[in-house]
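*Asks:* What follows is start14.cif, mmCIF, N, CA and C atoms.
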```cif
data_final
#
loop_
_atom_site.label_atom_id
_atom_site.label_comp_id
_atom_site.auth_asym_id
_atom_site.auth_seq_id
_atom_site.Cartn_x
_atom_site.Cartn_y
_atom_site.Cartn_z
N MET L 1 180.07 96.23 82.36
CA MET L 1 179.30 96.58 83.51
C MET L 1 180.02 96.05 84.74
N ALA L 2 180.24 96.85 85.74
CA ALA L 2 180.85 96.43 87.00
C ALA L 2 179.95 96.83 88.15
N ALA L 3 179.75 95.90 89.05
CA ALA L 3 178.96 96.21 90.26
C ALA L 3 179.90 96.10 91.44
N ASN L 4 179.94 97.11 92.27
CA ASN L 4 180.84 97.15 93.41
C ASN L 4 180.08 96.71 94.65
N ILE L 5 180.39 95.54 95.18
CA ILE L 5 179.69 95.01 96.33
C ILE L 5 180.37 95.48 97.61
N GLU L 6 181.69 95.59 97.61
CA GLU L 6 182.47 96.17 98.70
C GLU L 6 181.97 95.84 100.10
N SER L 7 181.79 94.57 100.38
CA SER L 7 181.45 94.18 101.75
C SER L 7 182.77 94.02 102.49
N TYR L 8 183.29 95.13 103.00
CA TYR L 8 184.63 95.17 103.58
C TYR L 8 184.82 94.04 104.57
N LYS L 9 185.79 93.21 104.32
CA LYS L 9 186.04 92.04 105.15
C LYS L 9 187.22 92.32 106.06
N ALA L 10 187.06 92.01 107.33
CA ALA L 10 188.14 92.24 108.28
C ALA L 10 189.30 91.33 107.97
N GLY L 11 190.48 91.89 108.11
CA GLY L 11 191.68 91.12 107.84
C GLY L 11 192.22 90.44 109.08
N SER L 12 193.34 89.80 108.91
CA SER L 12 193.96 89.11 110.04
C SER L 12 195.05 89.99 110.63
N PRO L 13 195.28 89.89 111.94
CA PRO L 13 196.30 90.73 112.55
C PRO L 13 197.70 90.33 112.11
N ALA L 14 198.53 91.31 111.88
CA ALA L 14 199.92 91.06 111.52
C ALA L 14 200.75 90.89 112.79
N ILE L 15 202.01 90.57 112.65
CA ILE L 15 202.90 90.37 113.79
C ILE L 15 202.98 91.63 114.64
N ASN L 16 203.03 92.79 114.00
CA ASN L 16 203.15 94.05 114.75
C ASN L 16 201.81 94.60 115.22
N GLY L 17 200.70 93.86 115.02
CA GLY L 17 199.40 94.28 115.49
C GLY L 17 198.56 95.01 114.46
N ASP L 18 199.18 95.44 113.34
CA ASP L 18 198.40 96.10 112.29
C ASP L 18 197.49 95.07 111.64
N VAL L 19 196.39 95.54 111.08
CA VAL L 19 195.47 94.64 110.39
C VAL L 19 195.83 94.61 108.91
N ILE L 20 196.02 93.40 108.40
CA ILE L 20 196.31 93.21 106.98
C ILE L 20 194.99 92.88 106.29
N PRO L 21 194.55 93.69 105.35
CA PRO L 21 193.27 93.40 104.70
C PRO L 21 193.34 92.09 103.92
N GLU L 22 192.23 91.35 103.94
CA GLU L 22 192.16 90.12 103.18
C GLU L 22 192.17 90.43 101.69
N CYS L 23 192.48 89.42 100.92
CA CYS L 23 192.48 89.53 99.47
C CYS L 23 191.08 89.87 98.98
N LYS L 24 190.97 90.85 98.10
CA LYS L 24 189.69 91.19 97.50
C LYS L 24 189.30 90.08 96.53
N ILE L 25 188.00 89.83 96.45
CA ILE L 25 187.49 88.77 95.59
C ILE L 25 186.61 89.40 94.52
N THR L 26 186.79 88.96 93.29
CA THR L 26 185.98 89.47 92.19
C THR L 26 185.39 88.31 91.40
N LEU L 27 184.23 88.55 90.83
CA LEU L 27 183.57 87.59 89.94
C LEU L 27 183.48 88.23 88.57
N ILE L 28 183.96 87.51 87.56
CA ILE L 28 183.92 88.01 86.18
C ILE L 28 183.14 87.02 85.34
N THR L 29 182.10 87.51 84.67
CA THR L 29 181.45 86.68 83.66
C THR L 29 182.02 87.10 82.31
N GLY L 30 182.21 86.13 81.43
CA GLY L 30 182.82 86.44 80.14
C GLY L 30 184.34 86.47 80.20
N ILE L 31 184.91 85.69 81.11
CA ILE L 31 186.36 85.70 81.32
C ILE L 31 187.14 85.12 80.14
N THR L 32 186.50 84.27 79.35
CA THR L 32 187.23 83.61 78.26
C THR L 32 187.41 84.49 77.03
N GLY L 33 186.77 85.64 77.00
CA GLY L 33 186.96 86.56 75.88
C GLY L 33 188.23 87.37 76.06
N GLN L 34 188.57 88.14 75.06
CA GLN L 34 189.79 88.94 75.09
C GLN L 34 189.77 89.94 76.24
N ASP L 35 188.68 90.69 76.40
CA ASP L 35 188.61 91.69 77.47
C ASP L 35 188.63 91.03 78.84
N GLY L 36 187.92 89.89 78.97
CA GLY L 36 187.90 89.17 80.24
C GLY L 36 189.27 88.66 80.66
N SER L 37 190.04 88.20 79.68
CA SER L 37 191.38 87.71 80.01
C SER L 37 192.31 88.84 80.43
N TYR L 38 192.20 90.00 79.76
CA TYR L 38 193.02 91.15 80.15
C TYR L 38 192.63 91.67 81.54
N LEU L 39 191.32 91.74 81.80
CA LEU L 39 190.85 92.18 83.11
C LEU L 39 191.32 91.21 84.20
N THR L 40 191.25 89.92 83.91
CA THR L 40 191.68 88.92 84.88
C THR L 40 193.16 89.08 85.21
N LYS L 41 193.98 89.22 84.20
CA LYS L 41 195.42 89.39 84.42
C LYS L 41 195.69 90.66 85.23
N PHE L 42 194.99 91.75 84.91
CA PHE L 42 195.14 93.01 85.63
C PHE L 42 194.77 92.84 87.10
N LEU L 43 193.63 92.21 87.37
CA LEU L 43 193.16 92.04 88.75
C LEU L 43 194.06 91.08 89.54
N LEU L 44 194.54 90.03 88.89
CA LEU L 44 195.47 89.11 89.57
C LEU L 44 196.75 89.86 89.96
N ASN L 45 197.24 90.72 89.08
CA ASN L 45 198.44 91.52 89.38
C ASN L 45 198.18 92.50 90.52
N LYS L 46 196.93 92.92 90.70
CA LYS L 46 196.56 93.82 91.80
C LYS L 46 196.31 93.06 93.11
N GLY L 47 196.42 91.72 93.07
CA GLY L 47 196.25 90.92 94.27
C GLY L 47 194.86 90.35 94.49
N TYR L 48 193.97 90.50 93.53
CA TYR L 48 192.62 89.97 93.67
C TYR L 48 192.60 88.45 93.50
N GLU L 49 191.63 87.82 94.13
CA GLU L 49 191.27 86.44 93.82
C GLU L 49 190.14 86.55 92.81
N VAL L 50 190.27 85.89 91.67
CA VAL L 50 189.31 86.04 90.57
C VAL L 50 188.53 84.74 90.39
N HIS L 51 187.21 84.88 90.37
CA HIS L 51 186.32 83.75 90.09
C HIS L 51 185.57 84.07 88.81
N SER L 52 185.21 83.01 88.09
CA SER L 52 184.43 83.22 86.88
C SER L 52 183.44 82.09 86.69
N LEU L 53 182.28 82.45 86.14
CA LEU L 53 181.30 81.47 85.73
C LEU L 53 181.53 81.21 84.25
N ILE L 54 181.88 79.97 83.92
CA ILE L 54 182.17 79.57 82.55
C ILE L 54 180.95 78.85 82.00
N HIS L 55 180.54 79.22 80.81
CA HIS L 55 179.37 78.60 80.17
C HIS L 55 179.59 77.10 80.02
N CYS L 56 178.58 76.34 80.42
CA CYS L 56 178.63 74.88 80.26
C CYS L 56 178.37 74.54 78.79
N SER L 57 179.36 73.97 78.15
CA SER L 57 179.19 73.54 76.76
C SER L 57 180.20 72.45 76.47
N PHE L 58 180.09 71.86 75.32
CA PHE L 58 181.03 70.83 74.94
C PHE L 58 182.35 71.42 74.45
N ASN L 59 182.35 72.71 74.13
CA ASN L 59 183.53 73.38 73.61
C ASN L 59 184.00 74.40 74.64
N PHE L 60 184.94 74.02 75.49
CA PHE L 60 185.46 74.93 76.50
C PHE L 60 186.54 75.80 75.86
N ASN L 61 186.16 76.99 75.43
CA ASN L 61 187.07 77.89 74.76
C ASN L 61 187.78 78.75 75.81
N THR L 62 188.94 78.30 76.25
CA THR L 62 189.69 79.02 77.29
C THR L 62 191.04 79.50 76.77
N GLN L 63 191.19 79.62 75.47
CA GLN L 63 192.49 79.97 74.90
C GLN L 63 193.03 81.31 75.40
N HIS L 64 192.15 82.26 75.72
CA HIS L 64 192.61 83.56 76.18
C HIS L 64 193.11 83.55 77.63
N ILE L 65 192.76 82.52 78.39
CA ILE L 65 193.16 82.50 79.81
C ILE L 65 194.06 81.32 80.16
N ASN L 66 194.40 80.48 79.20
CA ASN L 66 195.23 79.30 79.50
C ASN L 66 196.56 79.68 80.13
N HIS L 67 197.13 80.81 79.77
CA HIS L 67 198.45 81.20 80.29
C HIS L 67 198.40 81.64 81.76
N ILE L 68 197.22 81.91 82.31
CA ILE L 68 197.12 82.33 83.72
C ILE L 68 196.32 81.33 84.55
N TYR L 69 195.83 80.27 83.92
CA TYR L 69 195.01 79.29 84.63
C TYR L 69 195.89 78.30 85.38
N ILE L 70 195.53 78.05 86.64
CA ILE L 70 196.18 77.02 87.45
C ILE L 70 195.13 75.96 87.75
N ASP L 71 195.43 74.72 87.45
CA ASP L 71 194.50 73.62 87.67
C ASP L 71 194.04 73.60 89.12
N LEU L 72 192.73 73.40 89.33
CA LEU L 72 192.18 73.41 90.69
C LEU L 72 192.69 72.26 91.55
N HIS L 73 193.37 71.30 90.94
CA HIS L 73 194.03 70.26 91.75
C HIS L 73 195.17 70.88 92.56
N ASN L 74 195.63 72.04 92.13
CA ASN L 74 196.61 72.83 92.87
C ASN L 74 195.92 74.07 93.43
N ALA L 75 194.74 73.86 94.02
CA ALA L 75 193.89 74.98 94.45
C ALA L 75 194.57 75.92 95.43
N HIS L 76 195.52 75.41 96.21
CA HIS L 76 196.22 76.27 97.16
C HIS L 76 197.04 77.34 96.45
N LYS L 77 197.39 77.11 95.19
CA LYS L 77 198.15 78.08 94.40
C LYS L 77 197.25 78.97 93.54
N ALA L 78 196.03 78.52 93.31
CA ALA L 78 195.15 79.19 92.35
C ALA L 78 194.48 80.42 92.96
N ARG L 79 194.64 81.56 92.29
CA ARG L 79 193.89 82.76 92.65
C ARG L 79 192.85 83.07 91.59
N MET L 80 192.79 82.24 90.55
CA MET L 80 191.75 82.33 89.54
C MET L 80 191.01 81.00 89.54
N LYS L 81 189.71 81.06 89.79
CA LYS L 81 188.93 79.84 89.90
C LYS L 81 187.77 79.89 88.91
N LEU L 82 187.64 78.83 88.12
CA LEU L 82 186.58 78.73 87.14
C LEU L 82 185.47 77.84 87.68
N HIS L 83 184.23 78.31 87.53
CA HIS L 83 183.07 77.55 87.96
C HIS L 83 182.19 77.34 86.74
N TYR L 84 181.89 76.10 86.42
CA TYR L 84 181.07 75.81 85.25
C TYR L 84 179.61 76.04 85.59
N ALA L 85 179.03 77.04 84.95
CA ALA L 85 177.67 77.47 85.26
C ALA L 85 177.11 78.23 84.08
N ASP L 86 175.92 78.78 84.25
CA ASP L 86 175.33 79.62 83.22
C ASP L 86 174.52 80.71 83.89
N LEU L 87 174.15 81.71 83.14
CA LEU L 87 173.42 82.85 83.67
C LEU L 87 171.93 82.75 83.38
N PHE L 88 171.39 81.53 83.35
CA PHE L 88 169.98 81.34 82.99
C PHE L 88 169.02 81.75 84.09
N GLY L 89 169.33 81.49 85.34
CA GLY L 89 168.36 81.76 86.39
C GLY L 89 168.93 82.58 87.53
N THR L 90 168.10 83.45 88.09
CA THR L 90 168.51 84.32 89.19
C THR L 90 168.89 83.51 90.42
N SER L 91 168.14 82.45 90.72
CA SER L 91 168.44 81.66 91.92
C SER L 91 169.81 80.97 91.79
N PHE L 92 170.16 80.53 90.59
CA PHE L 92 171.46 79.92 90.36
C PHE L 92 172.57 80.94 90.55
N LEU L 93 172.35 82.14 90.05
CA LEU L 93 173.33 83.22 90.23
C LEU L 93 173.46 83.60 91.70
N CYS L 94 172.33 83.64 92.41
CA CYS L 94 172.37 83.94 93.85
C CYS L 94 173.21 82.91 94.59
N PHE L 95 173.08 81.63 94.20
CA PHE L 95 173.89 80.58 94.82
C PHE L 95 175.37 80.88 94.67
N TRP L 96 175.80 81.24 93.45
CA TRP L 96 177.22 81.51 93.22
C TRP L 96 177.69 82.77 93.93
N LEU L 97 176.85 83.80 93.96
CA LEU L 97 177.23 85.02 94.69
C LEU L 97 177.36 84.75 96.18
N ASP L 98 176.45 83.94 96.74
CA ASP L 98 176.53 83.58 98.16
C ASP L 98 177.73 82.70 98.45
N THR L 99 178.10 81.86 97.50
CA THR L 99 179.25 80.97 97.67
C THR L 99 180.57 81.71 97.54
N ILE L 100 180.70 82.50 96.49
CA ILE L 100 181.96 83.21 96.21
C ILE L 100 182.12 84.45 97.08
N ARG L 101 181.03 85.15 97.36
CA ARG L 101 181.01 86.39 98.15
C ARG L 101 181.99 87.44 97.60
N PRO L 102 181.79 87.82 96.32
CA PRO L 102 182.72 88.78 95.69
C PRO L 102 182.56 90.19 96.22
N ASP L 103 183.66 90.93 96.18
CA ASP L 103 183.64 92.36 96.48
C ASP L 103 183.21 93.15 95.25
N LYS L 104 183.54 92.63 94.07
CA LYS L 104 183.19 93.29 92.80
C LYS L 104 182.73 92.23 91.81
N VAL L 105 181.83 92.65 90.91
CA VAL L 105 181.34 91.77 89.85
C VAL L 105 181.47 92.52 88.52
N TYR L 106 182.06 91.85 87.54
CA TYR L 106 182.19 92.41 86.19
C TYR L 106 181.43 91.49 85.24
N ASN L 107 180.48 92.04 84.48
CA ASN L 107 179.72 91.26 83.52
C ASN L 107 180.23 91.59 82.12
N LEU L 108 180.97 90.67 81.53
CA LEU L 108 181.51 90.86 80.19
C LEU L 108 180.92 89.87 79.19
N VAL L 109 179.85 89.18 79.59
CA VAL L 109 179.22 88.21 78.71
C VAL L 109 178.60 88.92 77.52
N ALA L 110 178.84 88.39 76.33
CA ALA L 110 178.25 88.96 75.12
C ALA L 110 178.23 87.91 74.02
N GLN L 111 177.41 88.13 73.04
CA GLN L 111 177.42 87.32 71.84
C GLN L 111 178.45 87.97 70.94
N SER L 112 179.59 87.32 70.79
CA SER L 112 180.71 87.98 70.13
C SER L 112 180.84 87.65 68.65
N HIS L 113 180.06 86.73 68.15
CA HIS L 113 180.13 86.39 66.73
C HIS L 113 179.11 87.25 65.98
N VAL L 114 179.59 88.20 65.19
CA VAL L 114 178.73 89.20 64.56
C VAL L 114 177.65 88.56 63.69
N THR L 115 178.02 87.63 62.84
CA THR L 115 177.04 87.01 61.94
C THR L 115 175.96 86.30 62.73
N ILE L 116 176.35 85.53 63.73
CA ILE L 116 175.37 84.80 64.54
C ILE L 116 174.49 85.77 65.32
N SER L 117 175.06 86.88 65.78
CA SER L 117 174.26 87.83 66.55
C SER L 117 173.10 88.39 65.74
N PHE L 118 173.26 88.50 64.42
CA PHE L 118 172.17 88.99 63.58
C PHE L 118 171.26 87.86 63.11
N GLU L 119 171.79 86.65 63.03
CA GLU L 119 170.97 85.51 62.59
C GLU L 119 170.09 84.97 63.70
N ILE L 120 170.52 85.06 64.93
CA ILE L 120 169.75 84.53 66.06
C ILE L 120 169.49 85.69 67.03
N LEU L 121 168.59 86.56 66.64
CA LEU L 121 168.33 87.79 67.39
C LEU L 121 167.83 87.53 68.80
N ASP L 122 166.93 86.56 68.99
CA ASP L 122 166.39 86.28 70.32
C ASP L 122 167.48 85.84 71.28
N TYR L 123 168.37 84.98 70.81
CA TYR L 123 169.47 84.51 71.64
C TYR L 123 170.40 85.68 72.01
N THR L 124 170.71 86.51 71.05
CA THR L 124 171.58 87.66 71.28
C THR L 124 170.97 88.60 72.31
N ALA L 125 169.67 88.87 72.18
CA ALA L 125 168.99 89.73 73.16
C ALA L 125 169.01 89.10 74.54
N ASP L 126 168.84 87.78 74.60
CA ASP L 126 168.87 87.08 75.89
C ASP L 126 170.24 87.20 76.53
N VAL L 127 171.29 86.97 75.76
CA VAL L 127 172.65 87.03 76.31
C VAL L 127 173.00 88.44 76.75
N VAL L 128 172.75 89.41 75.92
CA VAL L 128 173.20 90.77 76.18
C VAL L 128 172.32 91.50 77.19
N ALA L 129 171.02 91.33 77.12
CA ALA L 129 170.12 92.11 77.98
C ALA L 129 169.53 91.31 79.14
N THR L 130 168.85 90.22 78.84
CA THR L 130 168.12 89.49 79.87
C THR L 130 169.06 88.88 80.90
N ARG L 131 170.15 88.28 80.47
CA ARG L 131 171.08 87.68 81.43
C ARG L 131 171.77 88.75 82.28
N ALA L 132 172.04 89.89 81.70
CA ALA L 132 172.60 91.00 82.49
C ALA L 132 171.61 91.44 83.56
N LEU L 133 170.34 91.51 83.19
CA LEU L 133 169.29 91.87 84.15
C LEU L 133 169.20 90.84 85.27
N ARG L 134 169.29 89.55 84.91
CA ARG L 134 169.27 88.50 85.93
C ARG L 134 170.45 88.63 86.89
N LEU L 135 171.59 88.94 86.35
CA LEU L 135 172.78 89.11 87.19
C LEU L 135 172.61 90.30 88.13
N LEU L 136 172.11 91.40 87.62
CA LEU L 136 171.88 92.57 88.47
C LEU L 136 170.87 92.27 89.58
N GLU L 137 169.82 91.52 89.25
CA GLU L 137 168.83 91.14 90.27
C GLU L 137 169.45 90.23 91.32
N ALA L 138 170.30 89.30 90.89
CA ALA L 138 170.98 88.42 91.84
C ALA L 138 171.91 89.20 92.75
N ILE L 139 172.60 90.19 92.20
CA ILE L 139 173.49 91.04 93.01
C ILE L 139 172.66 91.83 94.02
N ARG L 140 171.54 92.38 93.58
CA ARG L 140 170.67 93.12 94.49
C ARG L 140 170.19 92.22 95.63
N SER L 141 169.74 91.02 95.29
CA SER L 141 169.28 90.07 96.30
C SER L 141 170.39 89.68 97.26
N HIS L 142 171.59 89.51 96.73
CA HIS L 142 172.75 89.15 97.55
C HIS L 142 173.08 90.27 98.53
N ILE L 143 173.05 91.50 98.07
CA ILE L 143 173.35 92.64 98.95
C ILE L 143 172.29 92.77 100.03
N VAL L 144 171.02 92.60 99.67
CA VAL L 144 169.94 92.69 100.66
C VAL L 144 170.11 91.59 101.71
N ALA L 145 170.47 90.38 101.27
CA ALA L 145 170.59 89.25 102.19
C ALA L 145 171.83 89.31 103.08
N THR L 146 172.92 89.86 102.56
CA THR L 146 174.18 89.82 103.30
C THR L 146 174.57 91.17 103.90
N GLY L 147 173.94 92.22 103.46
CA GLY L 147 174.23 93.53 104.00
C GLY L 147 175.26 94.28 103.31
#
```
Would you give me this structure, written as structure tokens?
*Replies:*
Amino acid sequence: MAANIESYKAGSPAINGDVIPECKITLITGITGQDGSYLTKFLLNKGYEVHSLIHCSFNFNTQHINHIYIDLHNAHKARMKLHYADLFGTSFLCFWLDTIRPDKVYNLVAQSHVTISFEILDYTADVVATRALRLLEAIRSHIVATG
């Protein structure tokens, strides 16, 4: 699922007076999965600044993105920024949307373990459906608030 926020941001003037558009910003949920890592690499190559909300847990599974991750201690070099958060509440998501101000949002969060997805049906439904709905509501609220 991708939501296009496209709040066109004015760029800075170049030496010759032309306007250079600012870097587009995107927010990806589910960045640590295979598809999220490929999308991140693609968008970074296109010049995007990529932000992601990473699930808060004791097991930070970032193996798919380690090759493109730059430590935030070198934030001036980083065009991919990880924010430790969760998709539990709309107000929390609104905070991150207002902070990051993305032009595009990609929701790739899913329960990817097949056996667990059938054993814990309520959790799977929450991850796949309810959290996606919360994200869409937060995006709607962000667009209404920011124009």
*Asks:* Could you state the separation of CA of Arg134 (chain L) and atom C of Asp98 (chain L) in Å, given to one decimal place?
*Replies:*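 These atoms are spaced 16.2 Å apart.
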*Asks:* Give me the box for region 105-123 of chain L as JSON, namely the centre and edge lengths in Å to one decimal of a box along x, y and z that holds every listed atom plus 5 Å on each side.
*Replies:*
```
{"center_x": 174.3, "center_y": 88.6, "center_z": 76.4, "size_x": 25.8, "size_y": 18.1, "size_z": 39.0}
```
*Asks:* Identify, on the basis of only N, CA and C atoms, every residue whose closest approach to Ala110 (chain L) does not exceed 6.5 Å; exclude the query and any residue fewer than 3 positions from it along the same chain; express the result as a list in words.
*Replies:* Gly30, His113, Val127 and Val128 of chain L
*Asks:* Report, in Å to a single decimal, how far apart atom C of Ile25 (chain L) and atom N of Lys46 (chain L) are.
*Replies:*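 Value for the atom N of Lys46 (chain L)-atom C of Ile25 (chain L) distance: 11.6 Å.
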*Asks:* For region 138-146 of chain L, work out the shell of residues within 6 Å, counting only C-alpha atoms and skipping chain neighbours fewer than 6 positions away, then give it as a list of chain:residue names.
*Replies:*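 With the cut-off at 6 Å, the set is L:Thr90, L:Leu93, L:Cys94.
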*Asks:* At what distance in Å, to one decimal, does CA of Glu49 (chain L) lie from CA of Gln111 (chain L)?
*Replies:*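 Rounded to one decimal, the two atoms are 26.0 Å apart.
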*Asks:* Go ahead and find all residues with at least one atom no further than 8 Å from (193.6, 87.0, 86.6) in the file's coordinates, using all atoms listed in the file; report them as number ranges by chain.
*Replies:* L: 36-46, 48-51, 68-69, 79-81
*Asks:* Can you pull out the residues contacting His83 (chain L)? Cut-off 5 Å, using all atoms listed in the file, and skip same-chain residues under 2 positions away; I want them as a PDB file with N, CA and C atoms, keeping the file's coordinate frame.
*Replies:*
```
ATOM      1  N   SER L  52     185.210  83.010  88.090  1.00  0.00           N
ATOM      2  CA  SER L  52     184.430  83.220  86.880  1.00  0.00           C
ATOM      3  C   SER L  52     183.440  82.090  86.690  1.00  0.00           C
ATOM      4  N   LEU L  53     182.280  82.450  86.140  1.00  0.00           N
ATOM      5  CA  LEU L  53     181.300  81.470  85.730  1.00  0.00           C
ATOM      6  C   LEU L  53     181.530  81.210  84.250  1.00  0.00           C
ATOM      7  N   ILE L  54     181.880  79.970  83.920  1.00  0.00           N
ATOM      8  CA  ILE L  54     182.170  79.570  82.550  1.00  0.00           C
ATOM      9  C   ILE L  54     180.950  78.850  82.000  1.00  0.00           C
ATOM     10  N   LYS L  81     189.710  81.060  89.790  1.00  0.00           N
ATOM     11  CA  LYS L  81     188.930  79.840  89.900  1.00  0.00           C
ATOM     12  C   LYS L  81     187.770  79.890  88.910  1.00  0.00           C
ATOM     13  N   ALA L  85     179.030  77.040  84.950  1.00  0.00           N
ATOM     14  CA  ALA L  85     177.670  77.470  85.260  1.00  0.00           C
ATOM     15  C   ALA L  85     177.110  78.230  84.080  1.00  0.00           C
TER      16      ALA L  85
END
```
*Asks:* Identify all residues of region 21-54 of chain L in alpha helix (DSSP H) (DSSP on the backbone) and supply them as an MDAnalysis selection string.
*Replies:* chainID L and resid 34:45
*Asks:* I need the residue nearest Leu27 (chain L) from this list: L:Ser112, L:Tyr123, L:Ser117, L:Val105. Use only N, CA and C atoms for the distance.
*Replies:* L:Val105
